[in-house]
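Encoded as C-alpha cells, the structure appears first; notes follow it.
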Amino acid sequence: MGASPTLISSVQRAFRLLEAASAHQNGAPAKQLARETGLPLATAYHLLRTLVHDGYLRKLDDGGFVLGDRMRTLNTAGGGQALLSRVRPALAALRDELSSAVYLTFYEDGEIRVADIADGPRAPRVDLWVGFEDAGHATALGKSVLRELDDEARREYLSRHPLNDLTPRTITTAPALIREIEATSLAPAVTDLEEYALGTVCVAVPVRSGRTLGSLGVSMPKDQLSRLGAVRERLLPAAGRVTRGLSLTI
C-alpha cells in the first residue's frame, strides 16, 4: 500500500475560510466564519489576519471579511488559462499537420505578447532572442496585429516602439512597414522573411478573443519558403477555429 499524502492542515483551514468568506456577498465576521468552518475562534483569527495581510481577504469597517484583490487577480489569471486551454488542441493539431511551431499572440495594454506556443522535437520554436514587445515590426505575428489596427492605433504603437534592425532584412521605417503590410499578396496573412531571425521565415493571420485582437502564426526554416502559400491556406481555417474557441462563453 502506498503511503498517505502529506497534507498541511493550516493550508486546508485557510482554504476553508476563503470558501466560507466567498459565500457572503456582504462579508461575514470572524466568529461566523469560525463557526461555519468548524475552526477554533483563535485559529480562525490567526488565519484571517494572515489572509488579510497577504491580500486574499479584506476586512470591512464593520468587522466582516470579504475576498481581497489577490483573489480577484487569481480569478482573472485562471480565466485566461481556461480560455487558452480551449484552443490548445487546435494549436497542437496545426503544429502536427504542418510540422512547424505554432504561435498565438494577443494585443493587450498596447503591447503584442506571446500567449502560447505549440512546438516539439520535429517543430522547434524560433529562438525568441528579442521580446515581442520590441519586435512587432519584425515578426509576422506582430505585423499581422499592426495590419488589423486602425490608423490611429497603429501610429500610436509605432510612436512607442523603435523599429530596430534585428537582421539586415528588418524593415526599419514606418512608411515602408505600412506599405509592406498593406500590400501583402497573401492578405489577410503577412510574412516575416528573415526579418526577426536569419534562417527563419514566418507567416501569420489575425485572430480575435472577443474584442481583443491577436494573431496566429507558424515559423519554419528559410529553405521551406515555397510552403508559405500552402501554409496560409491551412492557417486561415485554423484561425477561424481558434477565434470561435476564444469567443465561447461559459
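Order determines the names: the first chain of the C-alpha cells is A, the second B, and so forth; residues in each chain are numbered 1 upward, and ligands are numbered 1 upward as they are shown.
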All strand (DSSP E) residues (DSSP, backbone) inside segment 142-218 of chain A, as a VMD selection string: chain A and resid 190 to 193 200 to 209 212 to 218
Who sits within 12 Å of Val66 of chain A, only C-alpha atoms, same chain under 4 positions skipped, as a PyMOL selection string: chain A and resi 17-30+33+48+51-52+55-62+70-72
Surrounding residues of Glu111 of chain A excluding itself and chain neighbours under 3 positions, 8 Å, only C-alpha atoms, as a ChimeraX atom specification: /A:107-108,133
Option closest in space to Ile117 of chain A, from A:Thr50, A:Gly217, A:Ala42, A:Asp192 [counting only C-alpha atoms]: A:Gly217
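The gap separating atom CA of Arg13 of chain A from atom CA of Pro40 of chain A is 10.6 Å, in Å to one decimal.
Interatomic distance, atom CA of Leu236 of chain A against atom CA of Val207 of chain A: 9.3 Å.
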Residue nearest Pro221 of chain A - candidates A:Ser99, A:Thr167, A:Thr243, A:Thr172, atoms counted: only C-alpha atoms: A:Ser99
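In this comparison, which uses only C-alpha atoms, the residue of A:Arg113, A:Arg147, A:Arg16, A:Arg208 approaching Arg241 of chain A most closely is A:Arg208.
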Backbone-only DSSP, alpha helix (DSSP H) members of segment 41-245 of chain A, as a ChimeraX atom specification: /A:41-53,69-98,140-148,151-160,174-182,228-245
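Atom CA of Gly245 of chain A is positioned 27.4 Å from atom CA of Thr184 of chain A.
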